[in-house]
Amino acid sequence: MAFQPVKFYQTGTFTVGNRLLAPEERSVQANLRRTNSLNSGHRACQGCGEALGARYAIDAAMEATGNRLIAANATGCLEVFSTPYPETSWQIPWIHSLFGNTAAVATGIAAAMKVKGRNDVRVIAQGGDGGTTDIGFGCLSGMFERNDDVLYICYDNEAYMNTGVQRSSATPPAARTATTMAVGEAPGNAFGPGKDLPAIAMAHGIPYVATATVAELHDLEDKVRRAMGFRGARYLHLYVPCPLGWGHAPEDTLRVARLAKETGLFPVMEAVYGELASVSKIRRKLPVEEYLRPQKRFAHLFSPTPRADLIARIQGMAERNIRRYGLLDA
């Protein structure tokens with residue numbers, strides 16, 4: 001192997017990445033193109049899926065845009081742990097918006113760049129599921145409808161983790177949160193309510209919609225690059241487990257994300273102009289119990305009395321996803 005200079009990729013660490021791989025197989029985090037857009041020193045919890053996802057997604061976007069990127073960030077975990085006043089871990093132009101208007105703020109930034117003739121500068125909006133599926137839903141739908149030139153990334157940890165683990169419209173059925181307690185005949189979050197944001201984004205007919213997980217980081221980076229190749233509104237729904245809110249071990253973040261895909265509970269796919277373009281197939285189909293058991297938010301489904309009826313309903317949701325998106329080979 002030819003000589004390669006060593007670069008300490010992240011300030012304060014000695015990480016040099018997977019340099020034994022061929023250059024084309026390395027992630028952005030393991031080569032000289034890494035920009036450390038979200039640098040060390042932030043205050044995320046151990047095993048935080050959101051911190052991992054943001055690092056990879058934003059660095060991939062920086063690579064795709066030649067480091068000409070501006071980010072708008074909703075209030076939420078990502079904003080709070082990365083920018084405790086007067087400090088910040090961001091090393092890109094970054095604007096903190098209100099909880100519910102991130103898409104509108106990003107639209108304004110994109111419009112300002114267009115007026116200035118800076119079509120080379122691209123814009124990303126970031127928010128959690130609360131700021132995306134709930135509080136910011138109107139602004140996001142408006143951004144889609146107008147086809148504004150913004151990539152919106154939703155870091156979905158399935159509840160309002162920053163304010164105490166309250167239910168959001170992305171919280172899965174039967175999950176325990178501070179507002180959906182594990183008591184009664186139907187413990188945890190109710191079945192039925194909620195929003196499928198990727199499907200809603202597809203219904204707007206925007207240029208690009210994709211889902212990804214932090215368990216497949218090359219796939220995440222590839223989808224960010226493809227998204228930045230489009231003009232107009234784009235949406236990326238990123239599945240980011242939360243050890244604190246979900247009650248799994250910090251070292252199990254990637255395992256839980258992988259199980260969500262392998263059980264069919266989180267379909268990984270992409271769509272172009274409202275039409276499904278590709279899906280990431282399930283490699284080895286697993287029962288939903290494999291995903292539910294490691295998480296304390298579902299502990300009431302197994303103890304003291306197993307709730308086979310509720311587990312079967314969750315299994316049915318996974319089977320519908322598998323049929324709808326064709327997640328298994330024939």
# chains A, B, ... in the order shown; residues from 1 in each chain; ligands from 1

call {"tool": "residues_around", "arguments": {"residues": "Asp219 of chain A", "least_positions_apart": "3", "cutoff": "12 Å", "atoms": "only C-alpha atoms", "output": "list in words"}}
result
Glu25, Arg26, Ser27, Val28, Gly53, Tyr56, Ala57, Ala60, Ala210, Thr211, Ala212, Thr213, Val214, Ala215, Glu216, Asp222, Lys223, Val224, Arg225, Arg226, Leu236, Leu238, Val268, Met269, Glu270, Ser278, Val279 and Ser280 of chain A

call {"tool": "write_last_selection", "arguments": {"atoms": "N, CA, C and O atoms", "output": "mmCIF file, in the first residue's frame"}}
result
data_model
loop_
_atom_site.group_PDB
_atom_site.id
_atom_site.type_symbol
_atom_site.label_atom_id
_atom_site.label_comp_id
_atom_site.auth_asym_id
_atom_site.auth_seq_id
_atom_site.Cartn_x
_atom_site.Cartn_y
_atom_site.Cartn_z
ATOM 1 N N GLU A 25 -13.824 2.382 -0.533
ATOM 2 C CA GLU A 25 -14.687 1.681 0.411
ATOM 3 C C GLU A 25 -14.762 2.378 1.761
ATOM 4 O O GLU A 25 -15.536 1.966 2.624
ATOM 5 N N ARG A 26 -13.989 3.404 1.977
ATOM 6 C CA ARG A 26 -13.980 4.074 3.273
ATOM 7 C C ARG A 26 -15.151 5.035 3.406
ATOM 8 O O ARG A 26 -15.628 5.602 2.431
ATOM 9 N N SER A 27 -15.596 5.217 4.612
ATOM 10 C CA SER A 27 -16.589 6.247 4.869
ATOM 11 C C SER A 27 -15.891 7.603 4.899
ATOM 12 O O SER A 27 -14.661 7.702 4.973
ATOM 13 N N VAL A 28 -16.705 8.661 4.840
ATOM 14 C CA VAL A 28 -16.144 10.008 4.929
ATOM 15 C C VAL A 28 -15.377 10.183 6.233
ATOM 16 O O VAL A 28 -14.395 10.920 6.304
ATOM 17 N N GLY A 53 -25.405 9.882 13.754
ATOM 18 C CA GLY A 53 -26.041 10.144 12.471
ATOM 19 C C GLY A 53 -25.725 11.519 11.932
ATOM 20 O O GLY A 53 -25.468 11.684 10.733
ATOM 21 N N TYR A 56 -22.075 11.784 10.468
ATOM 22 C CA TYR A 56 -21.912 11.179 9.143
ATOM 23 C C TYR A 56 -22.705 11.930 8.084
ATOM 24 O O TYR A 56 -22.214 12.164 6.975
ATOM 25 N N ALA A 57 -23.951 12.292 8.389
ATOM 26 C CA ALA A 57 -24.796 12.938 7.386
ATOM 27 C C ALA A 57 -24.231 14.292 6.968
ATOM 28 O O ALA A 57 -24.139 14.604 5.772
ATOM 29 N N ALA A 60 -20.939 14.031 5.030
ATOM 30 C CA ALA A 60 -21.196 13.572 3.667
ATOM 31 C C ALA A 60 -21.758 14.707 2.814
ATOM 32 O O ALA A 60 -21.409 14.851 1.635
ATOM 33 N N ALA A 210 -35.863 9.524 1.294
ATOM 34 C CA ALA A 210 -35.134 8.305 1.657
ATOM 35 C C ALA A 210 -35.227 8.071 3.151
ATOM 36 O O ALA A 210 -35.470 8.997 3.936
ATOM 37 N N THR A 211 -35.050 6.811 3.538
ATOM 38 C CA THR A 211 -34.899 6.442 4.943
ATOM 39 C C THR A 211 -33.552 5.749 5.099
ATOM 40 O O THR A 211 -33.023 5.146 4.158
ATOM 41 N N ALA A 212 -32.997 5.842 6.302
ATOM 42 C CA ALA A 212 -31.701 5.223 6.580
ATOM 43 C C ALA A 212 -31.588 5.004 8.077
ATOM 44 O O ALA A 212 -32.368 5.555 8.869
ATOM 45 N N THR A 213 -30.624 4.186 8.477
ATOM 46 C CA THR A 213 -30.343 3.957 9.888
ATOM 47 C C THR A 213 -28.863 4.157 10.156
ATOM 48 O O THR A 213 -28.034 4.090 9.235
ATOM 49 N N VAL A 214 -28.527 4.373 11.414
ATOM 50 C CA VAL A 214 -27.116 4.519 11.784
ATOM 51 C C VAL A 214 -26.394 3.179 11.791
ATOM 52 O O VAL A 214 -25.177 3.135 12.012
ATOM 53 N N ALA A 215 -27.108 2.078 11.551
ATOM 54 C CA ALA A 215 -26.460 0.769 11.472
ATOM 55 C C ALA A 215 -25.823 0.542 10.107
ATOM 56 O O ALA A 215 -25.004 -0.369 9.962
ATOM 57 N N GLU A 216 -26.193 1.351 9.101
ATOM 58 C CA GLU A 216 -25.639 1.204 7.751
ATOM 59 C C GLU A 216 -25.142 2.576 7.309
ATOM 60 O O GLU A 216 -25.827 3.320 6.601
ATOM 61 N N ASP A 222 -24.272 7.519 1.180
ATOM 62 C CA ASP A 222 -24.656 7.473 -0.236
ATOM 63 C C ASP A 222 -25.957 8.230 -0.474
ATOM 64 O O ASP A 222 -26.104 8.948 -1.475
ATOM 65 N N LYS A 223 -26.902 8.090 0.439
ATOM 66 C CA LYS A 223 -28.192 8.757 0.258
ATOM 67 C C LYS A 223 -28.074 10.264 0.434
ATOM 68 O O LYS A 223 -28.752 11.035 -0.257
ATOM 69 N N VAL A 224 -27.213 10.707 1.335
ATOM 70 C CA VAL A 224 -26.983 12.149 1.471
ATOM 71 C C VAL A 224 -26.368 12.695 0.183
ATOM 72 O O VAL A 224 -26.774 13.755 -0.317
ATOM 73 N N ARG A 225 -25.409 11.976 -0.365
ATOM 74 C CA ARG A 225 -24.779 12.428 -1.618
ATOM 75 C C ARG A 225 -25.810 12.496 -2.748
ATOM 76 O O ARG A 225 -25.838 13.461 -3.521
ATOM 77 N N ARG A 226 -26.650 11.465 -2.850
ATOM 78 C CA ARG A 226 -27.668 11.483 -3.903
ATOM 79 C C ARG A 226 -28.645 12.629 -3.692
ATOM 80 O O ARG A 226 -29.062 13.298 -4.641
ATOM 81 N N LEU A 236 -34.859 13.233 4.223
ATOM 82 C CA LEU A 236 -34.157 12.042 4.698
ATOM 83 C C LEU A 236 -34.611 11.750 6.117
ATOM 84 O O LEU A 236 -34.471 12.595 7.007
ATOM 85 N N LEU A 238 -33.945 9.584 9.232
ATOM 86 C CA LEU A 238 -32.829 8.800 9.775
ATOM 87 C C LEU A 238 -33.203 8.219 11.133
ATOM 88 O O LEU A 238 -33.560 8.952 12.061
ATOM 89 N N VAL A 268 -36.107 0.488 4.984
ATOM 90 C CA VAL A 268 -35.040 1.343 4.460
ATOM 91 C C VAL A 268 -35.207 1.404 2.951
ATOM 92 O O VAL A 268 -35.088 0.379 2.267
ATOM 93 N N MET A 269 -35.492 2.589 2.438
ATOM 94 C CA MET A 269 -35.836 2.712 1.019
ATOM 95 C C MET A 269 -35.508 4.111 0.533
ATOM 96 O O MET A 269 -35.106 4.989 1.295
ATOM 97 N N GLU A 270 -35.691 4.346 -0.770
ATOM 98 C CA GLU A 270 -35.607 5.680 -1.333
ATOM 99 C C GLU A 270 -36.628 5.813 -2.452
ATOM 100 O O GLU A 270 -36.994 4.831 -3.110
ATOM 101 N N SER A 278 -35.887 2.272 -4.754
ATOM 102 C CA SER A 278 -35.082 1.141 -4.295
ATOM 103 C C SER A 278 -35.405 0.858 -2.843
ATOM 104 O O SER A 278 -35.876 1.733 -2.107
ATOM 105 N N VAL A 279 -35.156 -0.376 -2.434
ATOM 106 C CA VAL A 279 -35.308 -0.767 -1.037
ATOM 107 C C VAL A 279 -34.071 -1.546 -0.630
ATOM 108 O O VAL A 279 -33.417 -2.191 -1.456
ATOM 109 N N SER A 280 -33.735 -1.467 0.646
ATOM 110 C CA SER A 280 -32.661 -2.273 1.215
ATOM 111 C C SER A 280 -33.291 -3.535 1.779
ATOM 112 O O SER A 280 -34.063 -3.486 2.737
#

call {"tool": "residues_around", "arguments": {"residues": "segment 125-129 of chain A", "least_positions_apart": "5", "cutoff": "6 Å", "atoms": "only C-alpha atoms", "output": "list in words"}}
result
Ala71, Ala72, Asn73, Ala74, Ala106, Tyr152, Ile153, Cys154, Tyr155 and Asp156 of chain A

call {"tool": "atom_distance", "arguments": {"atom1": "atom CA of Val256 of chain A", "atom2": "atom CA of Gly47 of chain A"}}
result
11.3 Å

call {"tool": "atom_distance", "arguments": {"atom1": "atom CA of Thr88 of chain A", "atom2": "atom CA of His42 of chain A"}}
result
7.4 Å

call {"tool": "residues_around", "arguments": {"residues": "Gly130 of chain A", "least_positions_apart": "5", "cutoff": "7 Å", "atoms": "only C-alpha atoms", "output": "PyMOL selection string"}}
result
chain A and resi 135+159-160+168

call {"tool": "write_last_selection", "arguments": {"atoms": "C-alpha atoms", "output": "JSON list (two decimals), in the first residue's frame"}}
result
[["chain", "number", "residue", "atom", "x", "y", "z"],
["A", 135, "ILE", "CA", -44.52, 21.00, 15.92],
["A", 159, "ALA", "CA", -40.14, 10.70, 21.35],
["A", 160, "TYR", "CA", -39.40, 14.11, 22.87],
["A", 168, "SER", "CA", -44.53, 12.16, 19.78]]

call {"tool": "select_by_dssp", "arguments": {"residues": "segment 98-270 of chain A", "states": "strand (DSSP E)", "output": "JSON, numbers by chain"}}
result
{"A": [122, 123, 124, 125, 126, 127, 128, 151, 152, 153, 154, 155, 156, 208, 209, 210, 211, 212, 213, 234, 235, 236, 237, 238, 239, 269, 270]}

call {"tool": "residues_around", "arguments": {"residues": "segment 290-295 of chain A", "least_positions_apart": "5", "cutoff": "9 Å", "atoms": "only C-alpha atoms", "output": "list of chain:residue names"}}
result
A:Pro243, A:Trp246, A:Gly247, A:His248, A:Ala249, A:Asp252, A:Arg255, A:Val256, A:Ala257, A:Arg258, A:Leu259, A:Ala260, A:Glu262, A:Thr263, A:Leu265, A:Leu301, A:Phe302, A:Ile311

call {"tool": "residues_around", "arguments": {"residues": "Pro93 of chain A", "least_positions_apart": "3", "cutoff": "10 Å", "atoms": "only C-alpha atoms", "output": "PyMOL selection string"}}
result
chain A and resi 37+68-72+90+123

call {"tool": "select_by_dssp", "arguments": {"residues": "segment 114-296 of chain A", "states": "alpha helix (DSSP H)", "output": "ChimeraX atom specification"}}
result
/A:114-115,129,137-146,197-203,217-228,243-246,253-262,288-292

call {"tool": "atom_distance", "arguments": {"atom1": "atom CA of Gly205 of chain A", "atom2": "atom CA of Ile314 of chain A"}}
result
29.1 Å

call {"tool": "closest_residue", "arguments": {"among": "A:Gly164, A:Gly41, A:Gly76, A:Pro198", "to": "Val272 of chain A", "atoms": "only C-alpha atoms"}}
result
A:Pro198
